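Shown next: coords.cif, containing mmCIF, C-alpha atoms.
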data_coords
loop_
_atom_site.group_PDB
_atom_site.id
_atom_site.type_symbol
_atom_site.label_atom_id
_atom_site.label_comp_id
_atom_site.auth_asym_id
_atom_site.auth_seq_id
_atom_site.Cartn_x
_atom_site.Cartn_y
_atom_site.Cartn_z
ATOM 1 C CA MET D 1 -7.227 -6.061 12.209
ATOM 2 C CA TRP D 2 -7.055 -7.508 8.706
ATOM 3 C CA GLN D 3 -5.524 -10.953 8.410
ATOM 4 C CA ILE D 4 -4.798 -13.571 5.840
ATOM 5 C CA SER D 5 -3.956 -17.078 7.031
ATOM 6 C CA GLU D 6 -1.357 -17.613 4.320
ATOM 7 C CA PHE D 7 1.048 -15.161 5.945
ATOM 8 C CA ALA D 8 -0.050 -15.539 9.581
ATOM 9 C CA ASP D 9 1.373 -12.836 11.841
ATOM 10 C CA GLU D 10 3.786 -11.532 9.228
ATOM 11 C CA HIS D 11 1.213 -9.406 7.420
ATOM 12 C CA GLU D 12 -1.560 -8.266 9.735
ATOM 13 C CA GLY D 13 -3.107 -5.084 8.403
ATOM 14 C CA ARG D 14 -4.824 -2.264 10.191
ATOM 15 C CA PRO D 15 -5.738 1.380 9.796
ATOM 16 C CA THR D 16 -2.915 3.516 11.171
ATOM 17 C CA ALA D 17 -3.561 6.927 12.719
ATOM 18 C CA VAL D 18 -1.904 9.940 11.075
ATOM 19 C CA LEU D 19 -1.501 13.290 12.830
ATOM 20 C CA PRO D 20 -1.966 16.666 11.075
ATOM 21 C CA ASP D 21 1.836 16.893 10.605
ATOM 22 C CA GLY D 22 1.783 13.649 8.587
ATOM 23 C CA ASN D 23 3.469 11.526 11.251
ATOM 24 C CA GLU D 24 2.155 8.474 13.043
ATOM 25 C CA PRO D 25 1.604 9.130 16.741
ATOM 26 C CA ALA D 26 3.553 7.349 19.442
ATOM 27 C CA PRO D 27 1.717 4.516 21.211
ATOM 28 C CA LEU D 28 -0.662 5.735 23.883
ATOM 29 C CA VAL D 29 0.026 4.574 27.424
ATOM 30 C CA PHE D 30 -2.946 4.092 29.726
ATOM 31 C CA ASP D 31 -2.211 3.994 33.433
ATOM 32 C CA VAL D 32 -4.961 1.816 34.843
ATOM 33 C CA GLY D 33 -3.933 2.319 38.439
ATOM 34 C CA SER D 34 -1.617 0.485 40.733
ATOM 35 C CA GLY D 35 0.229 -2.572 39.614
ATOM 36 C CA SER D 36 2.804 -3.409 37.022
ATOM 37 C CA GLU D 37 0.349 -3.747 34.128
ATOM 38 C CA VAL D 38 0.507 -0.848 31.682
ATOM 39 C CA HIS D 39 -1.836 -0.845 28.718
ATOM 40 C CA THR D 40 -0.670 0.673 25.443
ATOM 41 C CA SER D 41 -2.580 1.230 22.252
ATOM 42 C CA THR D 42 -1.960 2.230 18.671
ATOM 43 C CA ASP D 43 -5.612 1.820 17.657
ATOM 44 C CA TRP D 44 -6.545 4.723 15.398
ATOM 45 C CA TRP D 45 -9.760 5.528 17.275
ATOM 46 C CA ASP D 46 -7.849 6.204 20.510
ATOM 47 C CA TYR D 47 -6.270 9.269 18.870
ATOM 48 C CA ASP D 48 -9.467 11.290 19.218
ATOM 49 C CA GLY D 49 -8.071 14.146 21.296
ATOM 50 C CA THR D 50 -9.529 12.947 24.595
ATOM 51 C CA LEU D 51 -7.616 11.990 27.738
ATOM 52 C CA GLY D 52 -4.519 13.804 26.538
ATOM 53 C CA ALA D 53 -4.247 11.862 23.261
ATOM 54 C CA PRO D 54 -3.390 13.757 20.095
ATOM 55 C CA THR D 55 -6.108 14.019 17.474
ATOM 56 C CA ALA D 56 -5.552 12.018 14.323
ATOM 57 C CA GLU D 57 -6.553 13.790 11.152
ATOM 58 C CA SER D 58 -6.550 10.754 8.904
ATOM 59 C CA VAL D 59 -5.663 7.086 8.639
ATOM 60 C CA LYS D 60 -3.606 5.086 6.189
ATOM 61 C CA ALA D 61 -3.175 1.376 5.713
ATOM 62 C CA GLY D 62 -0.489 -0.251 7.792
ATOM 63 C CA CYS D 63 0.966 -3.743 8.010
ATOM 64 C CA SER D 64 2.783 -5.550 10.811
ATOM 65 C CA CYS D 65 5.719 -6.045 8.428
ATOM 66 C CA GLY D 66 6.342 -2.278 8.590
ATOM 67 C CA TRP D 67 4.762 -1.358 5.243
ATOM 68 C CA ARG D 68 2.586 1.760 5.200
ATOM 69 C CA GLY D 69 0.177 2.889 2.524
ATOM 70 C CA SER D 70 0.806 6.206 0.849
ATOM 71 C CA TYR D 71 -2.812 7.402 0.668
ATOM 72 C CA LEU D 72 -4.397 9.293 3.539
ATOM 73 C CA TYR D 73 -8.091 8.931 4.355
ATOM 74 C CA PRO D 74 -9.575 11.798 6.414
ATOM 75 C CA ILE D 75 -11.358 10.913 9.638
ATOM 76 C CA ASP D 76 -14.764 12.497 10.209
ATOM 77 C CA TRP D 77 -14.868 12.226 14.001
ATOM 78 C CA THR D 78 -18.599 13.099 13.995
ATOM 79 C CA LYS D 79 -19.242 9.730 12.331
ATOM 80 C CA VAL D 80 -17.022 7.637 14.615
ATOM 81 C CA SER D 81 -18.871 5.844 17.402
ATOM 82 C CA ASP D 82 -17.006 4.303 20.349
ATOM 83 C CA GLY D 83 -14.285 2.819 18.192
ATOM 84 C CA LEU D 84 -16.712 0.699 16.225
ATOM 85 C CA PRO D 85 -15.735 -0.055 12.630
ATOM 86 C CA THR D 86 -16.698 2.746 10.333
ATOM 87 C CA PRO D 87 -17.676 2.086 6.735
ATOM 88 C CA PHE D 88 -14.732 3.959 5.186
ATOM 89 C CA LEU D 89 -12.309 1.520 6.853
ATOM 90 C CA LEU D 90 -13.970 -1.467 5.214
ATOM 91 C CA ASP D 91 -14.282 0.174 1.807
ATOM 92 C CA PRO D 92 -12.171 -1.661 -0.785
ATOM 93 C CA ASP D 93 -11.237 1.796 -2.105
ATOM 94 C CA GLY D 94 -9.918 2.801 1.331
ATOM 95 C CA PRO D 95 -7.191 1.570 3.680
ATOM 96 C CA LEU D 96 -8.390 -2.037 3.412
ATOM 97 C CA GLY D 97 -8.000 -1.932 -0.358
ATOM 98 C CA ASP D 98 -4.508 -0.466 -0.031
ATOM 99 C CA TRP D 99 -3.501 -3.286 2.322
ATOM 100 C CA GLN D 100 -5.019 -5.863 -0.038
ATOM 101 C CA LEU D 101 -2.846 -4.455 -2.850
ATOM 102 C CA HIS D 102 0.176 -4.796 -0.546
ATOM 103 C CA ILE D 103 -0.753 -8.457 0.052
ATOM 104 C CA ALA D 104 -1.161 -8.989 -3.708
ATOM 105 C CA THR D 105 2.383 -7.647 -4.177
ATOM 106 C CA ILE D 106 3.707 -10.015 -1.490
ATOM 107 C CA ARG D 107 1.920 -12.936 -3.148
ATOM 108 C CA ALA D 108 3.290 -11.978 -6.567
ATOM 109 C CA ARG D 109 6.868 -12.063 -5.230
ATOM 110 C CA ALA D 110 6.373 -15.351 -3.375
ATOM 111 C CA VAL D 111 7.356 -18.564 -5.079
ATOM 112 C CA PRO D 112 4.255 -20.134 -6.643
ATOM 113 C CA LEU D 113 3.209 -23.607 -5.635
ATOM 114 C CA PRO D 114 2.819 -26.061 -8.504
ATOM 115 C CA SER D 115 -0.907 -26.357 -9.238
ATOM 116 C CA HIS D 116 -0.993 -30.103 -8.569
ATOM 117 C CA VAL D 117 0.624 -29.566 -5.131
ATOM 118 C CA GLN D 118 -1.858 -26.760 -4.355
ATOM 119 C CA GLY D 119 -4.686 -29.102 -5.357
ATOM 120 C CA LEU D 120 -3.368 -31.869 -3.105
ATOM 121 C CA LEU D 121 -3.065 -29.476 -0.167
ATOM 122 C CA GLU D 122 -6.645 -28.325 -0.682
ATOM 123 C CA LEU D 123 -7.822 -31.939 -0.910
ATOM 124 C CA ILE D 124 -5.991 -32.899 2.291
ATOM 125 C CA ASP D 125 -7.488 -29.881 4.054
ATOM 126 C CA SER D 126 -11.004 -30.794 2.948
ATOM 127 C CA GLU D 127 -10.628 -34.485 3.780
ATOM 128 C CA LEU D 128 -9.198 -33.804 7.234
ATOM 129 C CA GLU D 129 -11.959 -31.268 7.977
ATOM 130 C CA ASP D 130 -14.543 -33.928 7.153
ATOM 131 C CA LEU D 131 -12.638 -36.528 9.165
ATOM 132 C CA ALA D 132 -12.514 -34.193 12.195
ATOM 133 C CA ASP D 133 -16.325 -34.016 12.110
ATOM 134 C CA GLN D 134 -16.898 -37.742 11.508
ATOM 135 C CA ALA D 135 -13.994 -39.408 13.322
ATOM 136 C CA PRO D 136 -12.099 -36.922 15.487
ATOM 137 C CA LEU D 137 -9.671 -39.495 16.882
ATOM 138 C CA ALA D 138 -8.682 -40.596 13.379
ATOM 139 C CA ALA D 139 -8.321 -36.936 12.409
ATOM 140 C CA LEU D 140 -5.902 -36.372 15.305
ATOM 141 C CA ARG D 141 -3.873 -39.389 14.214
ATOM 142 C CA ALA D 142 -3.825 -38.099 10.628
ATOM 143 C CA ALA D 143 -2.806 -34.632 11.831
ATOM 144 C CA ALA D 144 0.113 -36.133 13.782
ATOM 145 C CA ALA D 145 1.241 -38.041 10.674
ATOM 146 C CA LEU D 146 0.974 -34.849 8.636
ATOM 147 C CA GLU D 147 3.031 -32.933 11.224
ATOM 148 C CA ARG D 148 5.798 -35.564 10.968
ATOM 149 C CA THR D 149 5.746 -35.293 7.177
ATOM 150 C CA VAL D 150 5.876 -31.500 7.307
ATOM 151 C CA GLU D 151 8.819 -31.517 9.750
ATOM 152 C CA ARG D 152 10.782 -33.973 7.583
ATOM 153 C CA ILE D 153 10.128 -32.108 4.332
ATOM 154 C CA ALA D 154 10.897 -28.729 5.918
ATOM 155 C CA ARG D 155 14.212 -30.008 7.339
ATOM 156 C CA THR D 156 15.203 -31.331 3.893
ATOM 157 C CA ALA D 157 14.207 -28.073 2.155
ATOM 158 C CA ALA D 158 16.008 -25.890 4.725
ATOM 159 C CA HIS D 159 19.140 -28.033 4.436
ATOM 160 C CA ARG D 160 19.100 -27.761 0.629
ATOM 161 C CA LEU D 161 18.669 -23.989 0.767
ATOM 162 C CA GLU D 162 21.623 -23.788 3.144
ATOM 163 C CA GLN D 163 23.745 -26.025 0.888
ATOM 164 C CA ASP D 164 22.852 -23.909 -2.139
ATOM 165 C CA GLY D 165 23.819 -20.719 -0.282
ATOM 166 C CA THR D 166 20.462 -19.111 -0.998
ATOM 167 C CA PRO D 167 20.463 -15.604 0.545
ATOM 168 C CA VAL D 168 18.016 -15.083 3.400
ATOM 169 C CA ALA D 169 16.505 -12.113 1.529
ATOM 170 C CA ASP D 170 15.615 -14.409 -1.385
ATOM 171 C CA ILE D 171 14.120 -16.977 0.990
ATOM 172 C CA ALA D 172 12.087 -14.250 2.691
ATOM 173 C CA ASP D 173 10.730 -12.950 -0.638
ATOM 174 C CA GLY D 174 9.968 -16.473 -1.808
ATOM 175 C CA LEU D 175 7.967 -17.200 1.328
ATOM 176 C CA GLY D 176 6.338 -13.758 1.565
ATOM 177 C CA ILE D 177 7.789 -13.104 5.014
ATOM 178 C CA SER D 178 10.414 -10.853 6.589
ATOM 179 C CA PRO D 179 14.103 -11.812 6.645
ATOM 180 C CA GLN D 180 13.861 -12.187 10.438
ATOM 181 C CA ALA D 181 10.966 -14.635 10.098
ATOM 182 C CA ALA D 182 12.847 -16.512 7.366
ATOM 183 C CA ARG D 183 15.856 -16.888 9.687
ATOM 184 C CA ARG D 184 13.561 -18.161 12.468
ATOM 185 C CA ARG D 185 12.003 -20.658 10.095
ATOM 186 C CA LEU D 186 15.401 -21.913 8.931
ATOM 187 C CA ARG D 187 16.575 -22.256 12.562
ATOM 188 C CA ARG D 188 13.369 -24.052 13.475
ATOM 189 C CA TYR D 189 14.053 -26.708 10.877
ATOM 190 C CA GLY D 190 17.672 -27.138 11.887
ATOM 191 C CA SER D 191 19.352 -25.186 9.146
#
Mind turning the file's structure into structure tokens?
Amino acid sequence: MWQISEFADEHEGRPTAVLPDGNEPAPLVFDVGSGSEVHTSTDWWDYDGTLGAPTAESVKAGCSCGWRGSYLYPIDWTKVSDGLPTPFLLDPDGPLGDWQLHIATIRARAVPLPSHVQGLLELIDSELEDLADQAPLAALRAAAALERTVERIARTAAHRLEQDGTPVADIADGLGISPQAARRRLRRYGS
């Protein structure tokens, strides 16, 4: 799974299996015996033709937001070993690179932070990291103060966006998240 902390769960990337007909396979269901637990998987390496699974012919980049890359990368099953990462998946000219371009597009659409605010955020991060090592109790107190500040600022910003009538789609693009996540964020802050 490829992740970037800036967008948390909204943009987790991964190689996505593609069948010979060009479609993505349905999730595999593994019956592990009695009980109510049913394991499912969409991991590309599980589509190897064993245990009744279809055989994937290639992979493409995929993102948890629903985006899919357009380039297909053939799978050489003779070089795949027990689902371990294979070099072509980590190649910047492969699915990983396609997903990174997707993330660059998301970043480009997101509202930029003023450079002085970005610098302050980086400074706070660095200072609190050091404080956590040197004085963990003080770091916890500082983190609580920061949480209160964040909640207050977020409530004010959400209220202003609501007053301005900013469309949820614009908020989502500006934050680099889905409209559903933007609505959740606005609800979270009381908008």
The centre and edge lengths of an axis-aligned box containing all atoms of segment 111-127 of chain D present in the file, extended by 4 Å on each side, are to be given in Å to one decimal, as AutoDock Vina command-line options.
--center_x -1.8 --center_y -26.5 --center_z -2.6 --size_x 26.4 --size_y 23.9 --size_z 21.3
Mind telling me what the PyMOL selection byres ((chain D and resi 161) around 12) catches here, as a PyMOL selection string?
chain D and resi 154-160+162-168+170-172+174+182-183+185-186+189-191
Distance atom CA of Trp77 of chain D-atom CA of Pro92 of chain D, one decimal place?
20.5 Å
Check which residues satisfy the PyMOL selection byres ((chain D and resi 15) around 6) in the file shown, then give them as a VMD selection string.
chain D and resid 14 16 59 to 62
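With distances restricted to all atoms listed in the file, D:Glu10 is the closest residue to Pro179 of chain D from D:Thr105, D:Glu127, D:Gln100, D:Glu10.
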If you count all atoms listed in the file, which residues fall within 12 Å of Trp2 of chain D, apart from same-chain ones fewer than 4 positions away, as a PyMOL selection string?
chain D and resi 7-15+61-64+89-90+95-100+103
Atom CA of Ser41 of chain D to atom CA of Pro27 of chain D, straight-line distance in Å
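Value for the atom CA of Pro27 of chain D-atom CA of Ser41 of chain D distance: 5.5 Å.
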Would you write out, as a list in words, every residue that the PyMOL selection byres ((chain D and resi 30) around 12) captures in this file?
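With the shown file as input, the PyMOL selection byres ((chain D and resi 30) around 12) matches Pro27, Leu28, Val29, Asp31, Val32, Gly33, Ser34, Ser36, Glu37, Val38, His39, Thr40, Ser41, Thr42, Asp46, Leu51, Gly52 and Ala53 of chain D.
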Export of the given selection (C-alpha atoms) as a compact mmCIF listing (two decimals), in the frame of the given file:
# COMPACT_ATOMS: atom_id res chain seq x y z
CA PRO D 27 1.72 4.52 21.21
CA LEU D 28 -0.66 5.74 23.88
CA VAL D 29 0.03 4.57 27.42
CA ASP D 31 -2.21 3.99 33.43
CA VAL D 32 -4.96 1.82 34.84
CA GLY D 33 -3.93 2.32 38.44
CA SER D 34 -1.62 0.48 40.73
CA SER D 36 2.80 -3.41 37.02
CA GLU D 37 0.35 -3.75 34.13
CA VAL D 38 0.51 -0.85 31.68
CA HIS D 39 -1.84 -0.84 28.72
CA THR D 40 -0.67 0.67 25.44
CA SER D 41 -2.58 1.23 22.25
CA THR D 42 -1.96 2.23 18.67
CA ASP D 46 -7.85 6.20 20.51
CA LEU D 51 -7.62 11.99 27.74
CA GLY D 52 -4.52 13.80 26.54
CA ALA D 53 -4.25 11.86 23.26
Can you pull out every residue within 12 Å of Ala56 of chain D, counting all atoms listed in the file, but drop anything in the same chain fewer than 5 positions away, and send it as a list in words?
Pro15, Thr16, Ala17, Val18, Leu19, Pro20, Asp21, Gly22, Asn23, Glu24, Pro25, Ala26, Thr42, Asp43, Trp44, Trp45, Asp46, Tyr47, Asp48, Gly49, Thr50, Leu72, Tyr73, Pro74, Ile75, Asp76 and Trp77 of chain D
Preceding selection exported with C-alpha atoms as a short mmCIF file (atom, residue, chain, number, x, y, z; two decimals), in the frame of the given file:
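Wrote it out as out28.cif, contents follow:
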data_model
loop_
_atom_site.label_atom_id
_atom_site.label_comp_id
_atom_site.auth_asym_id
_atom_site.auth_seq_id
_atom_site.Cartn_x
_atom_site.Cartn_y
_atom_site.Cartn_z
CA PRO D 15 -5.74 1.38 9.80
CA THR D 16 -2.92 3.52 11.17
CA ALA D 17 -3.56 6.93 12.72
CA VAL D 18 -1.90 9.94 11.08
CA LEU D 19 -1.50 13.29 12.83
CA PRO D 20 -1.97 16.67 11.08
CA ASP D 21 1.84 16.89 10.60
CA GLY D 22 1.78 13.65 8.59
CA ASN D 23 3.47 11.53 11.25
CA GLU D 24 2.15 8.47 13.04
CA PRO D 25 1.60 9.13 16.74
CA ALA D 26 3.55 7.35 19.44
CA THR D 42 -1.96 2.23 18.67
CA ASP D 43 -5.61 1.82 17.66
CA TRP D 44 -6.54 4.72 15.40
CA TRP D 45 -9.76 5.53 17.27
CA ASP D 46 -7.85 6.20 20.51
CA TYR D 47 -6.27 9.27 18.87
CA ASP D 48 -9.47 11.29 19.22
CA GLY D 49 -8.07 14.15 21.30
CA THR D 50 -9.53 12.95 24.60
CA LEU D 72 -4.40 9.29 3.54
CA TYR D 73 -8.09 8.93 4.36
CA PRO D 74 -9.57 11.80 6.41
CA ILE D 75 -11.36 10.91 9.64
CA ASP D 76 -14.76 12.50 10.21
CA TRP D 77 -14.87 12.23 14.00
#
Keeping just all heavy atoms, export segment 66-78 of chain D of this structure as a short mmCIF file (atom, residue, chain, number, x, y, z; two decimals), in the first residue's frame.
data_model
loop_
_atom_site.label_atom_id
_atom_site.label_comp_id
_atom_site.auth_asym_id
_atom_site.auth_seq_id
_atom_site.Cartn_x
_atom_site.Cartn_y
_atom_site.Cartn_z
N GLY D 66 -10.90 5.95 -5.71
CA GLY D 66 -11.60 5.44 -6.89
C GLY D 66 -10.84 5.63 -8.19
O GLY D 66 -11.15 5.02 -9.20
N TRP D 67 -9.82 6.47 -8.18
CA TRP D 67 -9.01 6.72 -9.38
C TRP D 67 -8.29 5.43 -9.78
O TRP D 67 -7.86 4.65 -8.93
CB TRP D 67 -8.01 7.83 -9.10
CG TRP D 67 -7.01 8.02 -10.19
CD1 TRP D 67 -7.12 8.82 -11.28
CD2 TRP D 67 -5.72 7.39 -10.29
NE1 TRP D 67 -5.99 8.72 -12.06
CE2 TRP D 67 -5.12 7.85 -11.47
CE3 TRP D 67 -5.03 6.48 -9.50
CZ2 TRP D 67 -3.86 7.44 -11.88
CZ3 TRP D 67 -3.78 6.06 -9.91
CH2 TRP D 67 -3.21 6.54 -11.09
N ARG D 68 -8.17 5.22 -11.08
CA ARG D 68 -7.39 4.11 -11.62
C ARG D 68 -6.48 4.62 -12.72
O ARG D 68 -6.88 5.47 -13.52
CB ARG D 68 -8.29 3.02 -12.22
CG ARG D 68 -9.16 2.30 -11.21
CD ARG D 68 -8.31 1.50 -10.23
NE ARG D 68 -9.07 0.72 -9.30
CZ ARG D 68 -9.38 1.09 -8.06
NH1 ARG D 68 -9.02 2.27 -7.60
NH2 ARG D 68 -10.04 0.28 -7.27
N GLY D 69 -5.26 4.12 -12.74
CA GLY D 69 -4.32 4.47 -13.79
C GLY D 69 -4.76 3.88 -15.11
O GLY D 69 -5.51 2.91 -15.16
N SER D 70 -4.29 4.46 -16.18
CA SER D 70 -4.69 3.97 -17.50
C SER D 70 -3.67 2.99 -18.10
O SER D 70 -3.99 2.29 -19.05
CB SER D 70 -4.92 5.14 -18.45
OG SER D 70 -3.77 5.95 -18.53
N TYR D 71 -2.48 2.93 -17.54
CA TYR D 71 -1.45 2.05 -18.10
C TYR D 71 -1.50 0.69 -17.42
O TYR D 71 -1.67 0.59 -16.21
CB TYR D 71 -0.05 2.66 -17.93
CG TYR D 71 0.10 3.93 -18.70
CD1 TYR D 71 0.07 5.16 -18.06
CD2 TYR D 71 0.26 3.92 -20.09
CE1 TYR D 71 0.20 6.35 -18.77
CE2 TYR D 71 0.39 5.10 -20.81
CZ TYR D 71 0.36 6.30 -20.14
OH TYR D 71 0.48 7.47 -20.84
N LEU D 72 -1.34 -0.35 -18.24
CA LEU D 72 -1.30 -1.72 -17.73
C LEU D 72 0.13 -2.21 -17.71
O LEU D 72 0.89 -1.98 -18.66
CB LEU D 72 -2.15 -2.63 -18.61
CG LEU D 72 -3.64 -2.30 -18.69
CD1 LEU D 72 -4.34 -3.25 -19.66
CD2 LEU D 72 -4.28 -2.37 -17.31
N TYR D 73 0.49 -2.92 -16.65
CA TYR D 73 1.83 -3.47 -16.49
C TYR D 73 1.71 -4.99 -16.37
O TYR D 73 1.13 -5.50 -15.40
CB TYR D 73 2.50 -2.87 -15.24
CG TYR D 73 2.62 -1.37 -15.35
CD1 TYR D 73 1.62 -0.53 -14.86
CD2 TYR D 73 3.71 -0.79 -16.00
CE1 TYR D 73 1.71 0.85 -14.99
CE2 TYR D 73 3.80 0.59 -16.13
CZ TYR D 73 2.80 1.39 -15.63
OH TYR D 73 2.89 2.76 -15.76
N PRO D 74 2.21 -5.71 -17.37
CA PRO D 74 2.07 -7.18 -17.38
C PRO D 74 2.71 -7.82 -16.15
O PRO D 74 3.74 -7.36 -15.65
CB PRO D 74 2.81 -7.61 -18.65
CG PRO D 74 2.93 -6.38 -19.48
CD PRO D 74 2.95 -5.22 -18.53
N ILE D 75 2.08 -8.87 -15.68
CA ILE D 75 2.62 -9.64 -14.56
C ILE D 75 3.34 -10.86 -15.12
O ILE D 75 2.78 -11.63 -15.89
CB ILE D 75 1.50 -10.13 -13.62
CG1 ILE D 75 0.74 -8.96 -13.02
CG2 ILE D 75 2.07 -11.02 -12.51
CD1 ILE D 75 -0.50 -9.36 -12.24
N ASP D 76 4.58 -11.04 -14.73
CA ASP D 76 5.34 -12.25 -15.05
C ASP D 76 5.26 -13.13 -13.80
O ASP D 76 6.03 -12.94 -12.85
CB ASP D 76 6.79 -11.90 -15.40
CG ASP D 76 7.60 -13.14 -15.77
OD1 ASP D 76 7.10 -14.27 -15.58
OD2 ASP D 76 8.75 -12.95 -16.22
N TRP D 77 4.29 -14.05 -13.79
CA TRP D 77 4.05 -14.86 -12.60
C TRP D 77 5.25 -15.72 -12.23
O TRP D 77 5.36 -16.15 -11.08
CB TRP D 77 2.80 -15.72 -12.78
CG TRP D 77 1.56 -14.89 -12.68
CD1 TRP D 77 0.74 -14.51 -13.69
CD2 TRP D 77 1.00 -14.32 -11.50
NE1 TRP D 77 -0.29 -13.73 -13.21
CE2 TRP D 77 -0.16 -13.59 -11.87
CE3 TRP D 77 1.36 -14.33 -10.16
CZ2 TRP D 77 -0.94 -12.91 -10.95
CZ3 TRP D 77 0.59 -13.64 -9.23
CH2 TRP D 77 -0.55 -12.95 -9.63
N THR D 78 6.19 -15.97 -13.17
CA THR D 78 7.37 -16.76 -12.82
C THR D 78 8.32 -15.97 -11.92
O THR D 78 9.19 -16.55 -11.29
CB THR D 78 8.13 -17.20 -14.10
OG1 THR D 78 8.63 -16.04 -14.78
CG2 THR D 78 7.24 -18.02 -15.01
#
